[in-house]
Amino acid sequence: MTDRELIKKLNNLNNVNPEANWLKTNRELLLSQISNAGAENLTWWKTLLITVSSFSQTAAKPVYALAAFVLLLATGLFLSQPSLSRAKPNDSLYIARVIAEQVRLSTTFNSDARAKLAVQYATHQAQDLSAVLSDPQFNTSANQEQVAQLSSSLQNEVDTVKDAISVLNNGNSAPAAPARSVARSHSSSAPAATTSQSDSGTSSDFMIADSSKNNKGIEMTETVGVSESTAVKTEDLKSDKTVTTVGSSSTSSLGAAGSQPEINQATGTATTASSSGAAASSTPAVNSGSQADKILNEVQQLLNKKDYNQAADKLQEINKIIQN
Amino acid sequence: MADNLIKKFKDKQALIRLKSSDKQAFIKAYDDNVKEINRFVYFKVGNREEANDLTSMIFLKAWHHIQNKTLVEAKTLRALLYKIARTSIVDYYRESGNKMTASLDDDDHKVEVADESQDLSDRLDQAADLEIIRRRLPLLKDEYREVIIMRFINDLSLEEMADITGKTKGNLRVILHRGLQALRELIEGKK
């Protein structure tokens, strides 16, 4: 006989019951005994009170346990943040750091702060990966597989930084919109003035093209790289003459034949945006995002050359720009 | 998880109602547990009349314990009844000065299997199984017999058994394994 068969036979004994008559008489007997000892039928409200009380007692434990768990998790993440932030990509704690960062990101509700934090984390991770890869003790032929993995992770992180910066730029470019509308309002009198945004979406450069011809028959096309200029000012917005001055650090290209953007003297129509309060405030943020973009391109080139040390330095630079 | 919470809630409710001297709660507790407790006592003492008397006493004791706030530490009402049953059986042995050495009931008082929903062949098989086990079970060591009754006849979980007996689950598993082995040897030895 196997254990299973024996257990089955034992289970059959579950049907062994006392006689029904005894059950009934014993029930009556016990009821009379406990009635003498003070048993009574409870009122409905007392029964309700007991039900509520027992429910709260039963539910309290899981609720407390859940609250304690959440509190513990939050405290743990908060306290371990400094030590986790030092974890390097080849450390066992690195995964915990990534998780902690994700948690911090998802608990940041301000979109600007979140985008900034995303850039900061991605840059830090890329920086750490670069540091590990530039370590000659690690980057050996024996660790080729790991090196390849980390290189691929680094590339991913650089892409993440790019995305995060573009999110940051898009967030910052929203307040710049009034500046562009100002530009449009100024140029509204010009029949063919158009404002278009760059297709790349990562840069805030925009182009104001004035295809109107001056009375000398010269077609003027001016491209203003707003993101790279520190200030765009329009001076001498006079009825008979408009002079657009681009700041000294500007890298805007003047595709027109003329060296001075003297436009439409005859009609006196302004074609270039003037500065406004909104434009002035948003420009540095957009500018820093664009600078970061530029440095990122350099990082990409350095990575292609496998110059991880330089790449790490450049990433550090990006982080400083974003922080400022 | 949800079933477990509902079960806990019902247990808690029953205990609080019993503490408040609720007659209806006692009736419900009696109806829900009397057969199981009677079966446990019956397989422990081996005599129907004594099992019935002890069962009646166990329920009365449980009521007094709850009313006098002298509750034996137990997580559930079922566990409380089993704990009182165990101590009542020990008291019974101590007072009567005898211990069950014979088989469950004699040949003139065969155990009744009160399940008429089964067909005749099943009932005959069951009667044969019962006959073998009822003759062999009393020969088993008391420790083994108790856990086998609780686990395989009354279908208690290991957690409940641990609460009742005060043993760990691991310890109970070992005792169950040894108990089954010993019972099998006794049955096969007889055949």
# chains A, B, ... in the order shown; residues from 1 in each chain; ligands from 1
call {"tool": "interface_residues", "arguments": {"of": "chain B", "to": "chain A", "cutoff": "6 Å", "atoms": "only C-alpha atoms", "output": "list in words"}}
result
Phe9, Lys12, Gln13, Ser21, Asp22, Lys23, Lys35, Val113, Ala114, Phe152 and Ile153 of chain B
call {"tool": "write_last_selection", "arguments": {"atoms": "C-alpha atoms", "output": "compact mmCIF listing (two decimals), in the first residue's frame"}}
result
# COMPACT_ATOMS: atom_id res chain seq x y z
CA PHE B 9 -12.97 38.32 9.31
CA LYS B 12 -12.94 37.41 14.36
CA GLN B 13 -16.63 38.24 14.13
CA SER B 21 -22.71 36.27 25.01
CA ASP B 22 -24.49 35.90 21.68
CA LYS B 23 -26.65 32.79 21.69
CA LYS B 35 -19.01 16.86 13.84
CA VAL B 113 -20.70 5.80 8.45
CA ALA B 114 -23.39 8.42 8.15
CA PHE B 152 -5.90 13.32 6.95
CA ILE B 153 -9.28 12.75 8.56
call {"tool": "residues_around", "arguments": {"residues": "B:Phe59", "least_positions_apart": "2", "cutoff": "8 Å", "atoms": "only C-alpha atoms", "output": "short mmCIF file (atom, residue, chain, number, x, y, z; two decimals) with N, CA and C atoms, in the first residue's frame"}}
result
data_model
loop_
_atom_site.label_atom_id
_atom_site.label_comp_id
_atom_site.auth_asym_id
_atom_site.auth_seq_id
_atom_site.Cartn_x
_atom_site.Cartn_y
_atom_site.Cartn_z
N LEU A 30 -27.15 21.99 25.39
CA LEU A 30 -26.13 23.05 25.52
C LEU A 30 -26.76 24.44 25.50
N TYR B 30 -21.41 25.82 17.15
CA TYR B 30 -21.70 24.42 17.44
C TYR B 30 -21.98 23.66 16.14
N THR B 55 -17.40 15.66 23.86
CA THR B 55 -17.71 16.73 22.89
C THR B 55 -18.62 17.78 23.53
N SER B 56 -19.63 17.29 24.19
CA SER B 56 -20.57 18.20 24.86
C SER B 56 -19.82 19.07 25.88
N MET B 57 -18.94 18.43 26.61
CA MET B 57 -18.17 19.14 27.64
C MET B 57 -17.24 20.19 27.01
N LYS B 61 -17.14 24.08 27.89
CA LYS B 61 -15.88 24.66 28.40
C LYS B 61 -15.47 25.86 27.56
N ALA B 62 -15.61 25.70 26.25
CA ALA B 62 -15.23 26.79 25.34
C ALA B 62 -16.06 28.03 25.64
N TRP B 63 -17.35 27.83 25.84
CA TRP B 63 -18.23 28.96 26.17
C TRP B 63 -17.75 29.66 27.45
N LEU B 81 -11.24 25.34 19.92
CA LEU B 81 -12.00 24.13 20.24
C LEU B 81 -11.08 22.90 20.26
#
call {"tool": "closest_residue", "arguments": {"among": "A:Ile321, A:Ala312, A:Leu150, A:Leu303", "to": "A:His124", "atoms": "only C-alpha atoms"}}
result
A:Ala312
call {"tool": "atom_distance", "arguments": {"atom1": "atom CA of B:Ile66", "atom2": "atom CA of B:Ala25"}}
result
12.1 Å
call {"tool": "residues_around", "arguments": {"residues": "B:Tyr92", "least_positions_apart": "4", "cutoff": "12 Å", "atoms": "only C-alpha atoms", "output": "short mmCIF file (atom, residue, chain, number, x, y, z; two decimals) with N, CA and C atoms, in the first residue's frame"}}
result
data_model
loop_
_atom_site.label_atom_id
_atom_site.label_comp_id
_atom_site.auth_asym_id
_atom_site.auth_seq_id
_atom_site.Cartn_x
_atom_site.Cartn_y
_atom_site.Cartn_z
N VAL B 41 -12.35 13.54 18.77
CA VAL B 41 -12.38 12.93 20.11
C VAL B 41 -12.63 11.42 19.99
N LYS B 44 -9.65 9.58 19.06
CA LYS B 44 -8.64 9.66 20.12
C LYS B 44 -8.99 8.71 21.28
N VAL B 45 -10.27 8.73 21.71
CA VAL B 45 -10.62 7.92 22.88
C VAL B 45 -11.14 6.53 22.50
N GLU B 50 -18.29 7.92 25.19
CA GLU B 50 -17.37 8.86 25.85
C GLU B 50 -17.04 10.04 24.93
N ALA B 51 -16.93 9.75 23.66
CA ALA B 51 -16.66 10.83 22.69
C ALA B 51 -17.79 11.85 22.71
N ASP B 53 -19.91 12.49 25.18
CA ASP B 53 -19.88 13.22 26.46
C ASP B 53 -18.79 14.28 26.45
N LEU B 54 -17.64 13.85 25.97
CA LEU B 54 -16.50 14.79 25.94
C LEU B 54 -16.78 15.96 24.99
N THR B 55 -17.40 15.66 23.86
CA THR B 55 -17.71 16.73 22.89
C THR B 55 -18.62 17.78 23.53
N MET B 57 -18.94 18.43 26.61
CA MET B 57 -18.17 19.14 27.64
C MET B 57 -17.24 20.19 27.01
N ILE B 58 -16.67 19.82 25.88
CA ILE B 58 -15.71 20.73 25.19
C ILE B 58 -16.42 22.04 24.80
N ILE B 84 -9.01 22.96 23.46
CA ILE B 84 -9.80 22.53 24.63
C ILE B 84 -10.04 21.02 24.55
N ALA B 85 -10.28 20.52 23.33
CA ALA B 85 -10.48 19.08 23.15
C ALA B 85 -9.26 18.29 23.61
N ARG B 86 -8.10 18.75 23.25
CA ARG B 86 -6.86 18.04 23.63
C ARG B 86 -6.71 17.99 25.15
N THR B 87 -6.90 19.15 25.80
CA THR B 87 -6.73 19.17 27.26
C THR B 87 -7.83 18.35 27.94
N SER B 88 -9.05 18.37 27.35
CA SER B 88 -10.15 17.59 27.93
C SER B 88 -9.85 16.09 27.85
N SER B 96 -9.91 9.02 34.54
CA SER B 96 -10.37 7.63 34.46
C SER B 96 -9.23 6.65 34.70
N GLY B 97 -8.01 7.11 34.61
CA GLY B 97 -6.84 6.27 34.88
C GLY B 97 -6.62 5.21 33.82
N ASN B 98 -7.33 5.27 32.74
CA ASN B 98 -7.09 4.28 31.67
C ASN B 98 -6.66 4.97 30.39
N LYS B 99 -6.12 4.21 29.56
CA LYS B 99 -5.68 4.74 28.28
C LYS B 99 -6.21 3.81 27.20
N MET B 100 -6.50 4.39 26.04
CA MET B 100 -7.07 3.55 25.00
C MET B 100 -6.04 2.56 24.47
#
call {"tool": "residues_around", "arguments": {"residues": "A:Ala126", "least_positions_apart": "3", "cutoff": "12 Å", "atoms": "only C-alpha atoms", "output": "ChimeraX atom specification"}}
result
/A:88-89,119-123,129-133,150-162,296,299-300,303,308-309,311-316,318-319
call {"tool": "write_last_selection", "arguments": {"atoms": "N, CA and C atoms", "output": "compact mmCIF listing (two decimals), in the first residue's frame"}}
result
# COMPACT_ATOMS: atom_id res chain seq x y z
N LYS A 88 29.22 52.24 -9.77
CA LYS A 88 29.71 52.30 -11.15
C LYS A 88 29.05 51.19 -11.98
N PRO A 89 29.09 51.35 -13.30
CA PRO A 89 28.40 50.37 -14.15
C PRO A 89 28.86 48.92 -13.98
N VAL A 119 18.12 64.48 -17.93
CA VAL A 119 19.40 64.81 -18.58
C VAL A 119 20.55 64.55 -17.61
N GLN A 120 20.32 64.97 -16.37
CA GLN A 120 21.38 64.83 -15.36
C GLN A 120 21.73 63.35 -15.16
N TYR A 121 20.70 62.50 -15.01
CA TYR A 121 20.95 61.07 -14.77
C TYR A 121 21.62 60.43 -15.98
N ALA A 122 21.06 60.71 -17.15
CA ALA A 122 21.61 60.10 -18.36
C ALA A 122 23.06 60.53 -18.56
N THR A 123 23.34 61.80 -18.28
CA THR A 123 24.71 62.29 -18.44
C THR A 123 25.64 61.62 -17.45
N LEU A 129 30.02 55.41 -17.52
CA LEU A 129 30.36 54.38 -18.50
C LEU A 129 31.67 54.75 -19.20
N SER A 130 31.80 56.02 -19.53
CA SER A 130 33.03 56.48 -20.18
C SER A 130 34.22 56.27 -19.27
N ALA A 131 34.01 56.61 -17.98
CA ALA A 131 35.11 56.47 -17.00
C ALA A 131 35.56 55.02 -16.89
N VAL A 132 34.56 54.11 -16.86
CA VAL A 132 34.89 52.69 -16.74
C VAL A 132 35.62 52.21 -18.00
N LEU A 133 35.11 52.66 -19.15
CA LEU A 133 35.71 52.22 -20.41
C LEU A 133 37.11 52.80 -20.61
N LEU A 150 29.24 47.51 -22.46
CA LEU A 150 29.24 48.85 -21.87
C LEU A 150 29.27 49.93 -22.95
N SER A 151 29.99 49.65 -24.05
CA SER A 151 30.04 50.63 -25.14
C SER A 151 28.65 50.83 -25.72
N SER A 152 27.95 49.71 -25.88
CA SER A 152 26.59 49.80 -26.42
C SER A 152 25.69 50.55 -25.44
N SER A 153 25.87 50.27 -24.12
CA SER A 153 25.08 50.99 -23.11
C SER A 153 25.39 52.47 -23.15
N LEU A 154 26.67 52.79 -23.34
CA LEU A 154 27.09 54.19 -23.39
C LEU A 154 26.41 54.90 -24.56
N GLN A 155 26.41 54.22 -25.71
CA GLN A 155 25.76 54.80 -26.89
C GLN A 155 24.28 55.07 -26.61
N ASN A 156 23.65 54.08 -25.93
CA ASN A 156 22.24 54.24 -25.57
C ASN A 156 22.04 55.45 -24.67
N GLU A 157 22.97 55.58 -23.71
CA GLU A 157 22.84 56.69 -22.75
C GLU A 157 23.01 58.04 -23.45
N VAL A 158 23.94 58.08 -24.40
CA VAL A 158 24.14 59.33 -25.14
C VAL A 158 22.86 59.67 -25.92
N ASP A 159 22.25 58.64 -26.49
CA ASP A 159 20.98 58.86 -27.19
C ASP A 159 19.91 59.36 -26.23
N THR A 160 19.92 58.76 -25.02
CA THR A 160 18.94 59.19 -24.00
C THR A 160 19.16 60.65 -23.64
N VAL A 161 20.45 61.03 -23.50
CA VAL A 161 20.76 62.43 -23.17
C VAL A 161 20.22 63.33 -24.27
N LYS A 162 20.44 62.90 -25.53
CA LYS A 162 19.95 63.69 -26.66
C LYS A 162 18.44 63.88 -26.56
N LEU A 296 27.20 67.47 -27.40
CA LEU A 296 26.84 66.06 -27.57
C LEU A 296 27.35 65.51 -28.90
N VAL A 299 30.77 64.74 -28.42
CA VAL A 299 30.88 63.49 -27.64
C VAL A 299 30.75 62.30 -28.57
N GLN A 300 29.76 62.40 -29.46
CA GLN A 300 29.52 61.31 -30.40
C GLN A 300 30.76 61.04 -31.25
N LEU A 303 33.37 59.38 -29.15
CA LEU A 303 33.03 57.97 -28.92
C LEU A 303 33.40 57.13 -30.14
N TYR A 308 37.37 57.82 -24.69
CA TYR A 308 36.38 57.86 -23.62
C TYR A 308 36.69 58.93 -22.58
N ASN A 309 37.97 59.19 -22.35
CA ASN A 309 38.35 60.21 -21.36
C ASN A 309 37.80 61.58 -21.74
N ALA A 311 35.45 62.15 -23.84
CA ALA A 311 33.98 62.07 -23.87
C ALA A 311 33.41 62.32 -22.48
N ALA A 312 34.07 61.73 -21.49
CA ALA A 312 33.62 61.91 -20.10
C ALA A 312 33.70 63.38 -19.70
N ASP A 313 34.79 64.04 -20.10
CA ASP A 313 34.95 65.47 -19.78
C ASP A 313 33.85 66.30 -20.43
N LYS A 314 33.56 65.96 -21.68
CA LYS A 314 32.53 66.71 -22.41
C LYS A 314 31.15 66.51 -21.75
N LEU A 315 30.92 65.28 -21.32
CA LEU A 315 29.64 65.00 -20.68
C LEU A 315 29.51 65.79 -19.38
N GLN A 316 30.64 65.89 -18.68
CA GLN A 316 30.67 66.69 -17.44
C GLN A 316 30.29 68.14 -17.75
N ILE A 318 28.44 69.16 -20.23
CA ILE A 318 26.99 69.23 -20.51
C ILE A 318 26.21 69.34 -19.21
N ASN A 319 26.62 68.53 -18.26
CA ASN A 319 25.92 68.53 -16.97
C ASN A 319 25.98 69.90 -16.31
call {"tool": "atom_distance", "arguments": {"atom1": "atom CA of B:Tyr82", "atom2": "atom CA of B:Arg134"}}
result
21.3 Å
call {"tool": "atom_distance", "arguments": {"atom1": "atom CA of A:Trp45", "atom2": "atom CA of B:Phe26"}}
result
18.5 Å
call {"tool": "residues_around", "arguments": {"residues": "B:Lys167", "least_positions_apart": "6", "cutoff": "12 Å", "atoms": "only C-alpha atoms", "output": "number ranges by chain"}}
result
B: 143, 147, 158-161, 173-175
call {"tool": "write_last_selection", "arguments": {"atoms": "C-alpha atoms", "output": "PDB file, in the first residue's frame"}}
result
ATOM      1  CA  GLU B 143       1.526  11.569  18.957  1.00  0.00           C
ATOM      2  CA  VAL B 147      -1.639  14.448  13.799  1.00  0.00           C
ATOM      3  CA  LEU B 158      -0.373  22.512   8.756  1.00  0.00           C
ATOM      4  CA  GLU B 159      -0.651  26.104   9.959  1.00  0.00           C
ATOM      5  CA  GLU B 160      -3.750  25.322  12.006  1.00  0.00           C
ATOM      6  CA  MET B 161      -2.125  22.190  13.376  1.00  0.00           C
ATOM      7  CA  ARG B 173       5.673  17.107   8.566  1.00  0.00           C
ATOM      8  CA  VAL B 174       8.215  14.731  10.068  1.00  0.00           C
ATOM      9  CA  ILE B 175       5.708  13.354  12.581  1.00  0.00           C
TER      10      ILE B 175
END
call {"tool": "closest_residue", "arguments": {"among": "B:Asp163, B:Asn4, B:Pro138, B:Arg94", "to": "B:Gly46", "atoms": "only C-alpha atoms"}}
result
B:Pro138
call {"tool": "decode", "arguments": {"residues": "stretch 70-98 of chain A", "atoms": "N, CA, C and O atoms", "output": "PDB file, in the first residue's frame"}}
result
ATOM      1  N   VAL A  70       5.658  50.652   2.188  1.00  0.00           N
ATOM      2  CA  VAL A  70       5.864  51.828   1.324  1.00  0.00           C
ATOM      3  C   VAL A  70       6.812  52.812   1.996  1.00  0.00           C
ATOM      4  O   VAL A  70       7.736  53.340   1.367  1.00  0.00           O
ATOM      5  N   LEU A  71       6.594  53.022   3.300  1.00  0.00           N
ATOM      6  CA  LEU A  71       7.445  53.954   4.060  1.00  0.00           C
ATOM      7  C   LEU A  71       8.894  53.469   4.068  1.00  0.00           C
ATOM      8  O   LEU A  71       9.835  54.237   3.866  1.00  0.00           O
ATOM      9  N   LEU A  72       9.040  52.168   4.288  1.00  0.00           N
ATOM     10  CA  LEU A  72      10.382  51.573   4.336  1.00  0.00           C
ATOM     11  C   LEU A  72      11.092  51.717   2.989  1.00  0.00           C
ATOM     12  O   LEU A  72      12.270  52.077   2.919  1.00  0.00           O
ATOM     13  N   LEU A  73      10.343  51.455   1.935  1.00  0.00           N
ATOM     14  CA  LEU A  73      10.897  51.542   0.580  1.00  0.00           C
ATOM     15  C   LEU A  73      11.342  52.972   0.274  1.00  0.00           C
ATOM     16  O   LEU A  73      12.452  53.204  -0.223  1.00  0.00           O
ATOM     17  N   ALA A  74      10.452  53.926   0.617  1.00  0.00           N
ATOM     18  CA  ALA A  74      10.764  55.333   0.343  1.00  0.00           C
ATOM     19  C   ALA A  74      11.978  55.785   1.154  1.00  0.00           C
ATOM     20  O   ALA A  74      12.885  56.441   0.623  1.00  0.00           O
ATOM     21  N   THR A  75      11.994  55.398   2.434  1.00  0.00           N
ATOM     22  CA  THR A  75      13.122  55.782   3.290  1.00  0.00           C
ATOM     23  C   THR A  75      14.411  55.156   2.786  1.00  0.00           C
ATOM     24  O   THR A  75      15.453  55.805   2.728  1.00  0.00           O
ATOM     25  N   GLY A  76      14.320  53.875   2.441  1.00  0.00           N
ATOM     26  CA  GLY A  76      15.492  53.159   1.939  1.00  0.00           C
ATOM     27  C   GLY A  76      16.065  53.818   0.703  1.00  0.00           C
ATOM     28  O   GLY A  76      17.275  54.033   0.588  1.00  0.00           O
ATOM     29  N   LEU A  77      15.161  54.156  -0.212  1.00  0.00           N
ATOM     30  CA  LEU A  77      15.618  54.800  -1.456  1.00  0.00           C
ATOM     31  C   LEU A  77      16.226  56.166  -1.181  1.00  0.00           C
ATOM     32  O   LEU A  77      17.238  56.542  -1.763  1.00  0.00           O
ATOM     33  N   PHE A  78      15.585  56.893  -0.247  1.00  0.00           N
ATOM     34  CA  PHE A  78      16.066  58.235   0.071  1.00  0.00           C
ATOM     35  C   PHE A  78      17.447  58.172   0.724  1.00  0.00           C
ATOM     36  O   PHE A  78      18.354  58.918   0.349  1.00  0.00           O
ATOM     37  N   LEU A  79      17.575  57.255   1.693  1.00  0.00           N
ATOM     38  CA  LEU A  79      18.845  57.169   2.424  1.00  0.00           C
ATOM     39  C   LEU A  79      19.972  56.573   1.588  1.00  0.00           C
ATOM     40  O   LEU A  79      21.139  56.911   1.756  1.00  0.00           O
ATOM     41  N   SER A  80      19.589  55.662   0.701  1.00  0.00           N
ATOM     42  CA  SER A  80      20.640  54.988  -0.068  1.00  0.00           C
ATOM     43  C   SER A  80      21.056  55.774  -1.310  1.00  0.00           C
ATOM     44  O   SER A  80      21.968  55.382  -2.013  1.00  0.00           O
ATOM     45  N   GLN A  81      20.354  56.879  -1.549  1.00  0.00           N
ATOM     46  CA  GLN A  81      20.644  57.675  -2.744  1.00  0.00           C
ATOM     47  C   GLN A  81      22.121  58.069  -2.868  1.00  0.00           C
ATOM     48  O   GLN A  81      22.732  57.859  -3.916  1.00  0.00           O
ATOM     49  N   PRO A  82      22.738  58.631  -1.792  1.00  0.00           N
ATOM     50  CA  PRO A  82      24.141  59.048  -1.929  1.00  0.00           C
ATOM     51  C   PRO A  82      25.085  57.887  -2.224  1.00  0.00           C
ATOM     52  O   PRO A  82      25.961  57.998  -3.078  1.00  0.00           O
ATOM     53  N   SER A  83      24.885  56.753  -1.507  1.00  0.00           N
ATOM     54  CA  SER A  83      25.795  55.628  -1.732  1.00  0.00           C
ATOM     55  C   SER A  83      25.545  54.977  -3.089  1.00  0.00           C
ATOM     56  O   SER A  83      26.466  54.506  -3.749  1.00  0.00           O
ATOM     57  N   LEU A  84      24.254  54.983  -3.498  1.00  0.00           N
ATOM     58  CA  LEU A  84      23.933  54.385  -4.796  1.00  0.00           C
ATOM     59  C   LEU A  84      24.490  55.225  -5.945  1.00  0.00           C
ATOM     60  O   LEU A  84      24.897  54.686  -6.966  1.00  0.00           O
ATOM     61  N   SER A  85      24.496  56.549  -5.739  1.00  0.00           N
ATOM     62  CA  SER A  85      24.942  57.419  -6.837  1.00  0.00           C
ATOM     63  C   SER A  85      26.426  57.210  -7.141  1.00  0.00           C
ATOM     64  O   SER A  85      26.902  57.617  -8.192  1.00  0.00           O
ATOM     65  N   ARG A  86      27.130  56.566  -6.187  1.00  0.00           N
ATOM     66  CA  ARG A  86      28.555  56.297  -6.429  1.00  0.00           C
ATOM     67  C   ARG A  86      28.780  54.948  -7.117  1.00  0.00           C
ATOM     68  O   ARG A  86      29.912  54.607  -7.443  1.00  0.00           O
ATOM     69  N   ALA A  87      27.701  54.187  -7.288  1.00  0.00           N
ATOM     70  CA  ALA A  87      27.849  52.858  -7.898  1.00  0.00           C
ATOM     71  C   ALA A  87      28.229  52.992  -9.371  1.00  0.00           C
ATOM     72  O   ALA A  87      27.640  53.786 -10.102  1.00  0.00           O
ATOM     73  N   LYS A  88      29.223  52.237  -9.766  1.00  0.00           N
ATOM     74  CA  LYS A  88      29.715  52.299 -11.150  1.00  0.00           C
ATOM     75  C   LYS A  88      29.053  51.193 -11.980  1.00  0.00           C
ATOM     76  O   LYS A  88      28.567  50.205 -11.428  1.00  0.00           O
ATOM     77  N   PRO A  89      29.092  51.345 -13.297  1.00  0.00           N
ATOM     78  CA  PRO A  89      28.397  50.366 -14.150  1.00  0.00           C
ATOM     79  C   PRO A  89      28.859  48.920 -13.980  1.00  0.00           C
ATOM     80  O   PRO A  89      28.097  48.012 -14.284  1.00  0.00           O
ATOM     81  N   ASN A  90      30.083  48.711 -13.525  1.00  0.00           N
ATOM     82  CA  ASN A  90      30.506  47.313 -13.324  1.00  0.00           C
ATOM     83  C   ASN A  90      30.344  46.860 -11.870  1.00  0.00           C
ATOM     84  O   ASN A  90      30.836  45.817 -11.488  1.00  0.00           O
ATOM     85  N   ASP A  91      29.629  47.671 -11.052  1.00  0.00           N
ATOM     86  CA  ASP A  91      29.314  47.290  -9.666  1.00  0.00           C
ATOM     87  C   ASP A  91      27.992  46.533  -9.627  1.00  0.00           C
ATOM     88  O   ASP A  91      27.145  46.719 -10.493  1.00  0.00           O
ATOM     89  N   SER A  92      27.841  45.744  -8.556  1.00  0.00           N
ATOM     90  CA  SER A  92      26.580  45.007  -8.422  1.00  0.00           C
ATOM     91  C   SER A  92      25.438  45.939  -8.001  1.00  0.00           C
ATOM     92  O   SER A  92      24.268  45.645  -8.232  1.00  0.00           O
ATOM     93  N   LEU A  93      25.783  47.067  -7.378  1.00  0.00           N
ATOM     94  CA  LEU A  93      24.753  48.003  -6.915  1.00  0.00           C
ATOM     95  C   LEU A  93      24.228  48.913  -8.031  1.00  0.00           C
ATOM     96  O   LEU A  93      23.326  49.709  -7.807  1.00  0.00           O
ATOM     97  N   TYR A  94      24.838  48.793  -9.208  1.00  0.00           N
ATOM     98  CA  TYR A  94      24.498  49.704 -10.290  1.00  0.00           C
ATOM     99  C   TYR A  94      23.021  49.610 -10.675  1.00  0.00           C
ATOM    100  O   TYR A  94      22.363  50.610 -10.897  1.00  0.00           O
ATOM    101  N   ILE A  95      22.514  48.374 -10.696  1.00  0.00           N
ATOM    102  CA  ILE A  95      21.104  48.162 -11.064  1.00  0.00           C
ATOM    103  C   ILE A  95      20.183  48.850 -10.054  1.00  0.00           C
ATOM    104  O   ILE A  95      19.167  49.440 -10.423  1.00  0.00           O
ATOM    105  N   ALA A  96      20.599  48.797  -8.767  1.00  0.00           N
ATOM    106  CA  ALA A  96      19.806  49.473  -7.728  1.00  0.00           C
ATOM    107  C   ALA A  96      19.800  50.977  -7.962  1.00  0.00           C
ATOM    108  O   ALA A  96      18.794  51.654  -7.764  1.00  0.00           O
ATOM    109  N   ARG A  97      20.938  51.487  -8.397  1.00  0.00           N
ATOM    110  CA  ARG A  97      21.040  52.922  -8.676  1.00  0.00           C
ATOM    111  C   ARG A  97      20.091  53.316  -9.808  1.00  0.00           C
ATOM    112  O   ARG A  97      19.379  54.311  -9.712  1.00  0.00           O
ATOM    113  N   VAL A  98      20.098  52.480 -10.869  1.00  0.00           N
ATOM    114  CA  VAL A  98      19.226  52.778 -12.015  1.00  0.00           C
ATOM    115  C   VAL A  98      17.761  52.774 -11.568  1.00  0.00           C
ATOM    116  O   VAL A  98      16.984  53.674 -11.923  1.00  0.00           O
TER     117      VAL A  98
END
